[in-house]
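A.B. asks: Pasting run00.tsv here (TSV, C-alpha atoms):
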```tsv
chain	number	residue	atom	x	y	z
H	118	MET	CA	-134.04	-17.32	62.54
H	119	ARG	CA	-134.33	-20.78	64.11
H	120	ALA	CA	-136.50	-21.25	67.20
H	121	ALA	CA	-138.05	-24.05	69.28
H	122	VAL	CA	-141.85	-23.65	69.26
H	123	LEU	CA	-144.43	-25.28	71.57
H	124	GLU	CA	-146.91	-26.89	69.17
H	125	ALA	CA	-148.48	-29.49	71.49
H	126	TYR	CA	-148.17	-30.09	75.24
H	127	GLY	CA	-145.80	-32.89	76.09
H	128	GLU	CA	-144.76	-33.41	72.46
H	129	PRO	CA	-141.36	-32.55	70.93
H	130	LEU	CA	-140.88	-28.85	70.27
H	131	SER	CA	-140.97	-27.86	66.63
H	132	ILE	CA	-137.68	-26.40	65.34
H	133	GLU	CA	-138.87	-23.74	62.92
H	134	THR	CA	-137.66	-20.75	60.95
H	135	VAL	CA	-139.48	-17.69	62.30
H	136	GLU	CA	-139.22	-13.97	61.70
H	137	PRO	CA	-136.42	-12.37	63.72
H	138	PRO	CA	-137.54	-9.80	66.30
H	139	GLU	CA	-137.39	-6.06	65.79
H	140	PRO	CA	-136.58	-3.87	68.78
H	141	ALA	CA	-139.31	-1.73	70.31
H	142	SER	CA	-138.33	1.88	70.89
H	143	HIS	CA	-137.41	0.96	74.49
H	144	GLY	CA	-136.10	-2.54	73.67
H	145	VAL	CA	-133.10	-4.34	72.27
H	146	VAL	CA	-132.52	-7.54	70.33
H	147	VAL	CA	-129.99	-9.94	71.82
H	148	ASP	CA	-128.09	-12.59	69.89
H	149	VAL	CA	-128.51	-15.59	72.19
H	150	GLU	CA	-125.21	-17.28	73.03
H	151	ALA	CA	-126.55	-19.58	75.76
H	152	CYS	CA	-129.92	-20.37	77.34
H	153	GLY	CA	-130.63	-22.59	80.33
H	154	ILE	CA	-133.13	-25.46	80.18
H	155	CYS	CA	-135.24	-25.09	83.31
H	156	ARG	CA	-137.94	-27.06	85.08
H	157	SER	CA	-140.19	-24.05	84.54
H	158	ASP	CA	-139.81	-24.75	80.82
H	159	TRP	CA	-140.89	-28.31	81.62
H	160	HIS	CA	-144.00	-27.00	83.40
H	161	ALA	CA	-144.85	-24.90	80.32
H	162	TRP	CA	-144.14	-27.82	77.99
H	163	GLN	CA	-146.46	-30.03	80.05
H	164	GLY	CA	-149.26	-27.46	79.88
H	165	HIS	CA	-149.32	-26.84	83.62
H	166	GLY	CA	-150.71	-23.67	85.14
H	167	GLU	CA	-154.31	-23.67	83.99
H	168	TRP	CA	-155.35	-23.76	87.66
H	169	ALA	CA	-153.81	-20.28	88.07
H	170	ASP	CA	-154.81	-18.94	84.64
H	171	ASP	CA	-151.12	-19.21	83.81
H	172	GLN	CA	-150.98	-21.91	81.15
H	173	VAL	CA	-148.55	-21.13	78.33
H	174	SER	CA	-150.32	-20.89	74.98
H	175	LEU	CA	-149.46	-23.14	72.06
H	176	GLY	CA	-147.28	-21.43	69.49
H	177	GLN	CA	-145.01	-19.94	72.15
H	178	VAL	CA	-141.24	-19.91	71.71
H	179	LEU	CA	-139.99	-21.25	75.05
H	180	GLY	CA	-136.73	-20.49	76.87
H	181	HIS	CA	-136.28	-17.91	79.61
H	182	GLU	CA	-132.68	-18.12	80.83
H	183	PRO	CA	-130.64	-16.40	78.11
H	184	ALA	CA	-127.42	-14.49	77.92
H	185	GLY	CA	-125.81	-13.01	74.86
H	186	ARG	CA	-124.73	-9.95	72.96
H	187	ILE	CA	-126.88	-7.00	71.89
H	188	SER	CA	-127.25	-6.73	68.12
H	189	ARG	CA	-129.87	-3.97	67.69
H	190	VAL	CA	-131.28	-1.23	69.91
H	191	GLY	CA	-134.48	0.82	69.86
H	192	GLU	CA	-134.34	4.56	69.20
H	193	GLN	CA	-135.00	5.47	72.85
H	194	VAL	CA	-132.16	3.28	74.18
H	195	GLY	CA	-129.06	5.28	74.98
H	196	ALA	CA	-127.32	3.43	77.81
H	197	LEU	CA	-126.85	0.18	75.86
H	198	GLU	CA	-125.32	-0.42	72.46
H	199	PRO	CA	-124.65	-3.21	69.97
H	200	GLY	CA	-121.88	-5.50	71.13
H	201	ASP	CA	-122.67	-5.21	74.85
H	202	ARG	CA	-122.70	-8.59	76.60
H	203	VAL	CA	-125.75	-8.88	78.85
H	204	ALA	CA	-127.62	-11.08	81.32
H	205	VAL	CA	-131.35	-11.24	80.65
H	206	PRO	CA	-133.81	-11.78	83.53
H	207	PHE	CA	-136.90	-13.85	82.87
H	208	ASN	CA	-139.19	-11.62	84.94
H	209	LEU	CA	-139.10	-8.38	82.97
H	210	GLY	CA	-140.33	-5.15	84.54
H	211	ASP	CA	-141.57	-1.99	82.85
H	212	GLY	CA	-139.46	0.19	85.15
H	213	SER	CA	-142.31	2.52	86.04
H	214	CYS	CA	-144.78	0.73	88.33
H	215	PRO	CA	-144.62	1.21	92.13
H	216	GLN	CA	-142.83	-2.12	92.58
H	217	CYS	CA	-140.19	-1.29	89.97
H	218	ARG	CA	-139.64	2.21	91.36
H	219	THR	CA	-138.98	0.78	94.83
H	220	GLY	CA	-136.48	-1.86	93.67
H	221	HIS	CA	-138.81	-4.84	93.27
H	222	GLY	CA	-138.95	-5.21	89.50
H	223	ASN	CA	-139.22	-8.99	89.78
H	224	VAL	CA	-142.86	-8.49	90.79
H	225	CYS	CA	-143.66	-5.66	88.38
H	226	LEU	CA	-147.39	-5.02	88.26
H	227	ASP	CA	-147.27	-4.77	84.46
H	228	GLY	CA	-144.31	-7.05	83.80
H	229	TYR	CA	-143.65	-9.88	81.39
H	230	ALA	CA	-142.52	-13.46	81.90
H	231	LEU	CA	-139.98	-14.11	79.15
H	232	GLY	CA	-140.81	-17.21	77.13
H	233	PHE	CA	-144.16	-17.75	78.83
H	234	GLU	CA	-146.42	-15.25	77.05
H	235	ALA	CA	-146.96	-14.16	73.48
H	236	ALA	CA	-145.75	-10.60	74.11
H	237	VAL	CA	-142.25	-11.87	74.90
H	238	PRO	CA	-141.21	-14.89	72.79
H	239	GLY	CA	-138.50	-16.89	74.51
H	240	ALA	CA	-134.83	-17.60	73.96
H	241	PHE	CA	-134.74	-21.14	72.62
H	242	ALA	CA	-133.94	-19.17	69.50
H	243	GLU	CA	-131.08	-17.43	67.77
H	244	GLN	CA	-132.33	-14.02	68.93
H	245	VAL	CA	-134.58	-12.68	71.66
H	246	HIS	CA	-136.22	-9.29	72.15
H	247	VAL	CA	-135.97	-7.62	75.58
H	248	PRO	CA	-138.42	-4.76	76.28
H	249	HIS	CA	-137.59	-1.86	78.63
H	250	ALA	CA	-133.99	-2.89	78.16
H	251	GLU	CA	-132.30	-0.15	80.17
H	252	PHE	CA	-134.28	-1.20	83.24
H	253	ASN	CA	-133.99	-4.95	82.78
H	254	LEU	CA	-130.54	-5.72	81.36
H	255	THR	CA	-127.24	-5.93	83.19
H	256	ARG	CA	-123.88	-5.86	81.44
H	257	LEU	CA	-121.75	-8.92	82.06
H	258	PRO	CA	-118.28	-8.48	83.53
H	259	ASP	CA	-115.45	-9.72	81.30
H	260	GLY	CA	-114.83	-12.64	83.67
H	261	VAL	CA	-118.37	-14.05	83.41
H	262	SER	CA	-119.08	-16.21	80.36
H	263	ALA	CA	-122.40	-16.46	78.53
H	264	THR	CA	-122.78	-20.04	79.78
H	265	GLU	CA	-122.30	-18.90	83.39
H	266	ALA	CA	-124.79	-16.09	82.88
H	267	ALA	CA	-127.33	-18.50	81.38
H	268	ALA	CA	-126.80	-20.76	84.40
H	269	LEU	CA	-128.00	-17.84	86.54
H	270	GLY	CA	-131.26	-18.12	84.66
H	271	CYS	CA	-134.30	-18.06	86.88
H	272	ARG	CA	-133.01	-20.76	89.24
H	273	TYR	CA	-129.78	-19.26	90.47
H	274	VAL	CA	-131.13	-15.72	90.82
H	275	THR	CA	-134.28	-17.02	92.52
H	276	ALA	CA	-132.14	-18.94	95.02
H	277	PHE	CA	-129.90	-15.93	95.61
H	278	HIS	CA	-132.82	-13.56	96.14
H	279	ALA	CA	-134.57	-16.10	98.38
H	280	LEU	CA	-131.57	-16.64	100.66
H	281	ALA	CA	-129.73	-13.31	100.61
H	282	HIS	CA	-132.68	-10.93	100.47
H	283	ARG	CA	-135.89	-12.66	101.53
H	284	ALA	CA	-134.62	-15.00	104.29
H	285	ASP	CA	-131.55	-12.91	105.14
H	286	VAL	CA	-129.33	-15.96	105.70
H	287	ASP	CA	-126.39	-15.24	107.97
H	288	GLY	CA	-123.13	-16.93	108.83
H	289	GLY	CA	-123.62	-20.06	110.94
H	290	ASP	CA	-127.29	-20.46	110.09
H	291	TRP	CA	-128.48	-23.98	109.37
H	292	VAL	CA	-130.18	-24.06	105.95
H	293	ALA	CA	-132.11	-27.11	104.72
H	294	VAL	CA	-132.64	-27.48	100.97
H	295	HIS	CA	-135.39	-29.89	99.89
H	296	GLY	CA	-134.88	-31.05	96.31
H	297	CYS	CA	-131.48	-30.90	94.61
H	298	GLY	CA	-132.38	-30.10	91.05
H	299	GLY	CA	-130.84	-27.01	89.48
H	300	LEU	CA	-132.69	-24.64	91.81
H	301	GLY	CA	-131.85	-26.63	94.94
H	302	LEU	CA	-128.18	-27.05	94.02
H	303	ALA	CA	-127.94	-23.32	93.39
H	304	ALA	CA	-129.39	-22.77	96.87
H	305	VAL	CA	-126.78	-25.14	98.34
H	306	GLN	CA	-123.89	-23.26	96.75
H	307	ILE	CA	-125.27	-19.82	97.57
H	308	ALA	CA	-126.12	-20.65	101.19
H	309	THR	CA	-122.61	-22.04	101.66
H	310	ALA	CA	-121.10	-18.86	100.18
H	311	LEU	CA	-123.18	-16.82	102.63
H	312	GLY	CA	-121.59	-18.75	105.50
H	313	ALA	CA	-124.49	-21.09	106.26
H	314	ARG	CA	-124.30	-24.78	107.20
H	315	VAL	CA	-126.34	-26.69	104.65
H	316	VAL	CA	-128.35	-29.90	104.81
H	317	ALA	CA	-129.32	-31.09	101.32
H	318	VAL	CA	-132.28	-33.46	100.79
H	319	ASP	CA	-133.06	-35.56	97.72
H	320	VAL	CA	-133.81	-39.15	96.74
H	321	ARG	CA	-131.03	-39.52	94.14
H	322	ASP	CA	-127.36	-40.24	94.70
H	323	ALA	CA	-125.89	-38.03	91.96
H	324	PRO	CA	-127.55	-34.76	93.06
H	325	LEU	CA	-126.67	-35.46	96.70
H	326	ALA	CA	-123.04	-36.07	95.73
H	327	LEU	CA	-122.98	-32.82	93.77
H	328	ALA	CA	-124.56	-31.01	96.72
H	329	THR	CA	-121.69	-32.23	98.90
H	330	ASP	CA	-119.18	-31.01	96.31
H	331	LEU	CA	-120.92	-27.62	96.35
H	332	GLY	CA	-120.59	-27.26	100.11
H	333	ALA	CA	-123.41	-29.13	101.83
H	334	GLU	CA	-122.26	-30.17	105.31
H	335	ALA	CA	-124.75	-33.04	105.43
H	336	THR	CA	-127.14	-34.83	103.10
H	337	VAL	CA	-130.36	-36.75	103.65
H	338	ASP	CA	-131.61	-39.43	101.27
H	339	ALA	CA	-135.35	-39.05	101.72
H	340	SER	CA	-135.95	-42.47	100.16
H	341	THR	CA	-134.21	-44.18	103.08
H	342	VAL	CA	-135.37	-42.01	106.01
H	343	ASP	CA	-138.77	-42.42	107.64
H	344	ASP	CA	-138.88	-38.91	109.14
H	345	VAL	CA	-136.97	-36.33	107.09
H	346	PRO	CA	-137.72	-33.35	109.38
H	347	ALA	CA	-136.53	-35.29	112.46
H	348	GLU	CA	-133.33	-36.23	110.62
H	349	ILE	CA	-132.65	-32.59	109.76
H	350	ARG	CA	-133.41	-31.47	113.31
H	351	ALA	CA	-130.97	-34.06	114.64
H	352	ILE	CA	-128.25	-32.81	112.28
H	353	ALA	CA	-128.90	-29.17	113.10
H	354	ASP	CA	-129.30	-29.69	116.86
H	355	ASP	CA	-126.76	-27.27	118.31
H	356	GLY	CA	-127.60	-27.82	121.96
H	357	LEU	CA	-130.82	-25.79	121.93
H	358	ALA	CA	-133.11	-28.80	122.14
H	359	GLY	CA	-134.66	-27.18	125.22
H	360	THR	CA	-136.98	-25.41	122.82
H	361	GLN	CA	-138.91	-28.71	122.94
H	362	ARG	CA	-139.95	-28.35	119.33
H	363	ALA	CA	-140.22	-31.98	118.29
H	364	GLY	CA	-137.04	-32.84	120.17
H	365	GLY	CA	-134.50	-30.61	118.44
H	366	SER	CA	-133.57	-27.13	117.40
H	367	GLY	CA	-133.92	-27.51	113.65
H	368	ALA	CA	-132.99	-25.33	110.70
H	369	HIS	CA	-132.97	-21.55	110.77
H	370	VAL	CA	-134.05	-21.43	107.13
H	371	SER	CA	-135.57	-24.16	104.97
H	372	VAL	CA	-136.17	-24.04	101.23
H	373	ASP	CA	-138.63	-26.14	99.24
H	374	ALA	CA	-137.01	-26.22	95.81
H	375	LEU	CA	-139.31	-28.91	94.41
H	376	GLY	CA	-142.90	-27.80	94.95
H	377	ARG	CA	-144.47	-31.02	96.16
H	378	ALA	CA	-146.81	-31.26	99.14
H	379	GLU	CA	-144.40	-33.61	100.93
H	380	THR	CA	-141.32	-31.41	100.48
H	381	CYS	CA	-143.19	-28.26	101.47
H	382	ARG	CA	-144.48	-29.88	104.65
H	383	ASN	CA	-141.05	-31.33	105.46
H	384	SER	CA	-139.52	-27.91	104.98
H	385	ILE	CA	-141.83	-26.32	107.53
H	386	ASP	CA	-141.60	-29.22	109.97
H	387	CYS	CA	-137.79	-29.16	110.10
H	388	LEU	CA	-137.60	-25.55	111.29
H	389	ARG	CA	-136.65	-24.32	114.74
H	390	PRO	CA	-138.85	-21.79	116.53
H	391	ARG	CA	-138.88	-18.50	114.60
H	392	GLY	CA	-137.45	-20.25	111.59
H	393	THR	CA	-138.16	-19.26	108.00
H	394	HIS	CA	-139.61	-21.39	105.21
H	395	VAL	CA	-139.04	-20.14	101.66
H	396	GLN	CA	-141.09	-21.56	98.80
H	397	VAL	CA	-139.32	-21.43	95.46
H	398	GLY	CA	-140.45	-24.67	93.79
H	399	LEU	CA	-143.62	-24.53	91.68
H	400	THR	CA	-146.32	-27.15	92.06
H	401	THR	CA	-147.32	-29.69	89.40
H	402	ASP	CA	-150.77	-30.92	88.44
H	403	ALA	CA	-150.66	-33.16	91.53
H	404	GLU	CA	-151.05	-30.12	93.81
H	405	ARG	CA	-152.45	-27.65	91.26
H	406	GLY	CA	-151.13	-24.68	93.15
H	407	GLU	CA	-152.58	-25.66	96.55
H	408	ILE	CA	-150.69	-27.25	99.45
H	409	SER	CA	-152.12	-27.80	102.94
H	410	LEU	CA	-149.89	-26.28	105.63
H	411	PRO	CA	-149.68	-26.89	109.41
H	412	ILE	CA	-150.88	-23.40	110.24
H	413	ASP	CA	-151.26	-24.02	113.97
H	414	GLU	CA	-147.60	-25.11	114.06
H	415	VAL	CA	-146.59	-22.04	112.08
H	416	THR	CA	-148.47	-19.86	114.55
H	417	ARG	CA	-147.27	-21.62	117.70
H	418	TRP	CA	-143.58	-21.41	116.78
H	419	ASP	CA	-143.62	-17.96	115.18
H	420	VAL	CA	-142.53	-19.42	111.83
H	421	SER	CA	-142.24	-17.19	108.76
H	422	VAL	CA	-143.47	-18.45	105.37
H	423	LEU	CA	-142.08	-16.59	102.37
H	424	GLY	CA	-142.24	-16.88	98.61
H	425	SER	CA	-139.53	-15.88	96.18
H	426	ARG	CA	-139.54	-15.49	92.40
H	427	GLY	CA	-136.61	-14.34	90.33
H	428	MET	CA	-134.60	-11.31	91.42
H	429	PRO	CA	-134.95	-7.56	90.85
H	430	PRO	CA	-132.70	-6.37	88.01
H	431	SER	CA	-131.19	-3.82	90.39
H	432	GLN	CA	-129.63	-6.65	92.43
H	433	TYR	CA	-127.84	-8.43	89.58
H	434	ASP	CA	-124.65	-6.43	90.12
H	435	GLU	CA	-124.35	-7.80	93.67
H	436	LEU	CA	-124.54	-11.36	92.40
H	437	LEU	CA	-122.22	-10.77	89.44
H	438	ARG	CA	-119.58	-9.25	91.73
H	439	MET	CA	-119.61	-12.43	93.83
H	440	ILE	CA	-119.21	-14.52	90.68
H	441	GLU	CA	-116.39	-12.35	89.35
H	442	ALA	CA	-114.64	-12.71	92.72
H	443	ARG	CA	-115.24	-16.50	92.50
H	444	ARG	CA	-117.16	-16.54	95.75
H	445	LEU	CA	-119.88	-18.14	93.63
H	446	ALA	CA	-119.39	-20.40	90.63
H	447	PRO	CA	-122.62	-21.18	88.75
H	448	ASP	CA	-120.62	-22.94	86.03
H	449	ARG	CA	-119.91	-25.74	88.54
H	450	LEU	CA	-123.61	-26.61	88.34
H	451	VAL	CA	-123.57	-27.01	84.55
H	452	THR	CA	-123.61	-30.72	83.80
H	453	ARG	CA	-124.49	-30.66	80.11
H	454	GLU	CA	-124.38	-28.38	77.07
H	455	ALA	CA	-127.06	-29.06	74.46
H	456	THR	CA	-128.16	-28.09	70.98
H	457	LEU	CA	-131.50	-26.53	70.10
H	458	GLU	CA	-132.61	-29.88	68.65
H	459	GLU	CA	-131.91	-31.63	71.95
H	460	VAL	CA	-134.14	-29.39	74.09
H	461	SER	CA	-137.19	-31.64	73.76
H	462	ASP	CA	-135.25	-34.70	74.91
H	463	ARG	CA	-133.83	-32.80	77.87
H	464	LEU	CA	-137.31	-31.62	78.89
H	465	ALA	CA	-138.61	-35.18	78.61
H	466	ALA	CA	-135.78	-36.36	80.86
H	467	MET	CA	-137.05	-34.00	83.58
H	468	THR	CA	-140.35	-35.88	83.77
H	469	ASP	CA	-138.79	-38.71	85.76
H	470	TYR	CA	-136.04	-36.57	87.34
H	471	GLU	CA	-133.37	-38.04	85.06
H	472	THR	CA	-131.37	-34.80	84.90
H	473	HIS	CA	-129.19	-33.24	87.56
H	474	GLY	CA	-127.50	-29.89	87.83
H	475	LEU	CA	-128.05	-27.29	85.13
H	476	GLU	CA	-128.27	-27.96	81.41
H	477	VAL	CA	-127.62	-25.15	78.95
H	478	VAL	CA	-128.25	-24.73	75.22
H	479	THR	CA	-125.07	-23.39	73.61
H	480	SER	CA	-125.65	-24.33	69.96
H	481	PHE	CA	-128.51	-22.75	68.01
```
Could you show the structure in this file as structure tokens?
C.D. replies:
Amino acid sequence: MRAAVLEAYGEPLSIETVEPPEPASHGVVVDVEACGICRSDWHAWQGHGEWADDQVSLGQVLGHEPAGRISRVGEQVGALEPGDRVAVPFNLGDGSCPQCRTGHGNVCLDGYALGFEAAVPGAFAEQVHVPHAEFNLTRLPDGVSATEAAALGCRYVTAFHALAHRADVDGGDWVAVHGCGGLGLAAVQIATALGARVVAVDVRDAPLALATDLGAEATVDASTVDDVPAEIRAIADDGLAGTQRAGGSGAHVSVDALGRAETCRNSIDCLRPRGTHVQVGLTTDAERGEISLPIDEVTRWDVSVLGSRGMPPSQYDELLRMIEARRLAPDRLVTREATLEEVSDRLAAMTDYETHGLEVVTSF
């Protein structure tokens, strides 16, 4: 089968013919119909992560946001069969650790990161193997296409889990989203669907325009504003400025979807007392996994700081029901469909933030 292989960091992926996968007794092989191109792939392609012992090894098949149709099943798999259309999470659990057994398979103690480690080659390929398939896979409703399911990828499900489950966003909450790449735009659409009032922050016109189309009530161009947190607090000031927190009430929830020191700090600084910051963006080699935080401010104002990564497989049905009911529309974020040969160019375009929305490989 054809696959895109990481042969050198920052260099074009090698399109090679590799051996197709065979299913483990508990696994299945999926014919890939679509696979998102994610900034996490860019991090792997750049060779980031050595500071956390998390650097992707050369020779890895990248790609971690697939959807497709099961072609082969292992002998222990009884609940899935060839022909089933499925969504594939990138953070694969084993189904048996304490986290998996309590509904938190996205942080499985013995899990796999699809496309980021040798044990689970990725889905920039014609086929992908999914271990512990009955625990990890979710059948797709008839009304959800493979492209939509690939758009869920790690970005959309991470944003959904962050807002709906970790931060518990409620109707009328002000939600600030810092960085309107694919992850941030997903957060804008999801927060709006949950009834929140969204302020979207970026430095580019096209993503801010798309954020408005997806439901953002206000946008902030950080390249033209001296004090981004103050601007957000002014927008979200609902008459509770008596809190005396930097002159305004601020956001109830703020999301750093970029992973830079500046956006993380802005996210915390724009919150109201007892607000919640959620970190979903990964750092680059500029921060190397470490960002200085205003801890005294966090303490003084009873601020919560949360992380969020992926989503437990058990919660996919909740998200898919919202998509089937058209309360959410991940396909509206898809701005480009690409071929396997184009993946390297699309990753390179991410270096200088030349992409917007979600891009999906649909031709292998």
A.B. asks: For each of H:Val247, H:Ala378, H:Val315, H:Leu457, take the minimum atom-to-atom distance to Arg405 of chain H, counting all atoms listed in the file, then give the residue where this is smallest.
C.D. replies: H:Ala378
A.B. asks: Compare H:Val415, H:Ala242, H:Val173, H:Ala266 by their minimum atom-to-atom distance to Arg119 of chain H, counting only C-alpha atoms, and give me the closest one.
C.D. replies: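 Under the stated criterion, the closest residue is H:Ala242.
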A.B. asks: If we count all atoms listed in the file and set the cut-off at 12 Å, which residues sit around Val337 of chain H, ignoring sequence neighbours fewer than 6 positions away in its own chain? Please answer as a count of residues only.
C.D. replies: 28
A.B. asks: Counting all atoms listed in the file, what is within 10 Å of Leu197 of chain H, bar same-chain residues fewer than 3 positions away, as JSON, numbers by chain?
C.D. replies: {"H": [144, 145, 187, 189, 190, 191, 194, 200, 201, 202, 203, 250, 251, 254, 255, 256]}
A.B. asks: Would you mind exporting the chosen residues as a PDB file, in the frame of the given file, restricted to C-alpha atoms?
C.D. replies:
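For reference, out-v4.pdb as written:
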```pdb
ATOM      1  CA  GLY H 144    -136.100  -2.540  73.670  1.00  0.00           C
ATOM      2  CA  VAL H 145    -133.100  -4.340  72.270  1.00  0.00           C
ATOM      3  CA  ILE H 187    -126.880  -7.000  71.890  1.00  0.00           C
ATOM      4  CA  ARG H 189    -129.870  -3.970  67.690  1.00  0.00           C
ATOM      5  CA  VAL H 190    -131.280  -1.230  69.910  1.00  0.00           C
ATOM      6  CA  GLY H 191    -134.480   0.820  69.860  1.00  0.00           C
ATOM      7  CA  VAL H 194    -132.160   3.280  74.180  1.00  0.00           C
ATOM      8  CA  GLY H 200    -121.880  -5.500  71.130  1.00  0.00           C
ATOM      9  CA  ASP H 201    -122.670  -5.210  74.850  1.00  0.00           C
ATOM     10  CA  ARG H 202    -122.700  -8.590  76.600  1.00  0.00           C
ATOM     11  CA  VAL H 203    -125.750  -8.880  78.850  1.00  0.00           C
ATOM     12  CA  ALA H 250    -133.990  -2.890  78.160  1.00  0.00           C
ATOM     13  CA  GLU H 251    -132.300  -0.150  80.170  1.00  0.00           C
ATOM     14  CA  LEU H 254    -130.540  -5.720  81.360  1.00  0.00           C
ATOM     15  CA  THR H 255    -127.240  -5.930  83.190  1.00  0.00           C
ATOM     16  CA  ARG H 256    -123.880  -5.860  81.440  1.00  0.00           C
TER      17      ARG H 256
END
```
A.B. asks: With distances taken over all atoms listed in the file, which residue among H:Leu280, H:Leu399, H:Leu311, H:Cys214 lies nearest His160 of chain H?
C.D. replies: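 Closest candidate: H:Leu399.
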A.B. asks: With only C-alpha atoms as the atoms that count, which of H:Ala303, H:Val205, H:Ala446, H:Ala268 lies nearest to His249 of chain H?
C.D. replies: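 Answer, going by the shortest atom-to-atom distance: H:Val205.
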A.B. asks: Box time for segment 250-257 of chain H: axis-aligned, enclosing all its listed atoms, 5 Å extra on each side; report centre and edge lengths in Å to one decimal, as AutoDock Vina command-line options.
C.D. replies:
```
--center_x -128.0 --center_y -4.5 --center_z 80.7 --size_x 22.5 --size_y 18.8 --size_z 15.1
```
A.B. asks: Give me the residues within 7 Å of Gln244 of chain H as an mmCIF file with C-alpha atoms, in the frame of the given file, counting all atoms listed in the file and dropping any in the same chain fewer than 5 places off.
C.D. replies:
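Done, and the output landed in part27.cif:
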```cif
data_model
loop_
_atom_site.group_PDB
_atom_site.id
_atom_site.type_symbol
_atom_site.label_atom_id
_atom_site.label_comp_id
_atom_site.auth_asym_id
_atom_site.auth_seq_id
_atom_site.Cartn_x
_atom_site.Cartn_y
_atom_site.Cartn_z
ATOM 1 C CA PRO H 137 -136.420 -12.370 63.720
ATOM 2 C CA VAL H 146 -132.520 -7.540 70.330
ATOM 3 C CA VAL H 147 -129.990 -9.940 71.820
ATOM 4 C CA ASP H 148 -128.090 -12.590 69.890
ATOM 5 C CA VAL H 149 -128.510 -15.590 72.190
#
```
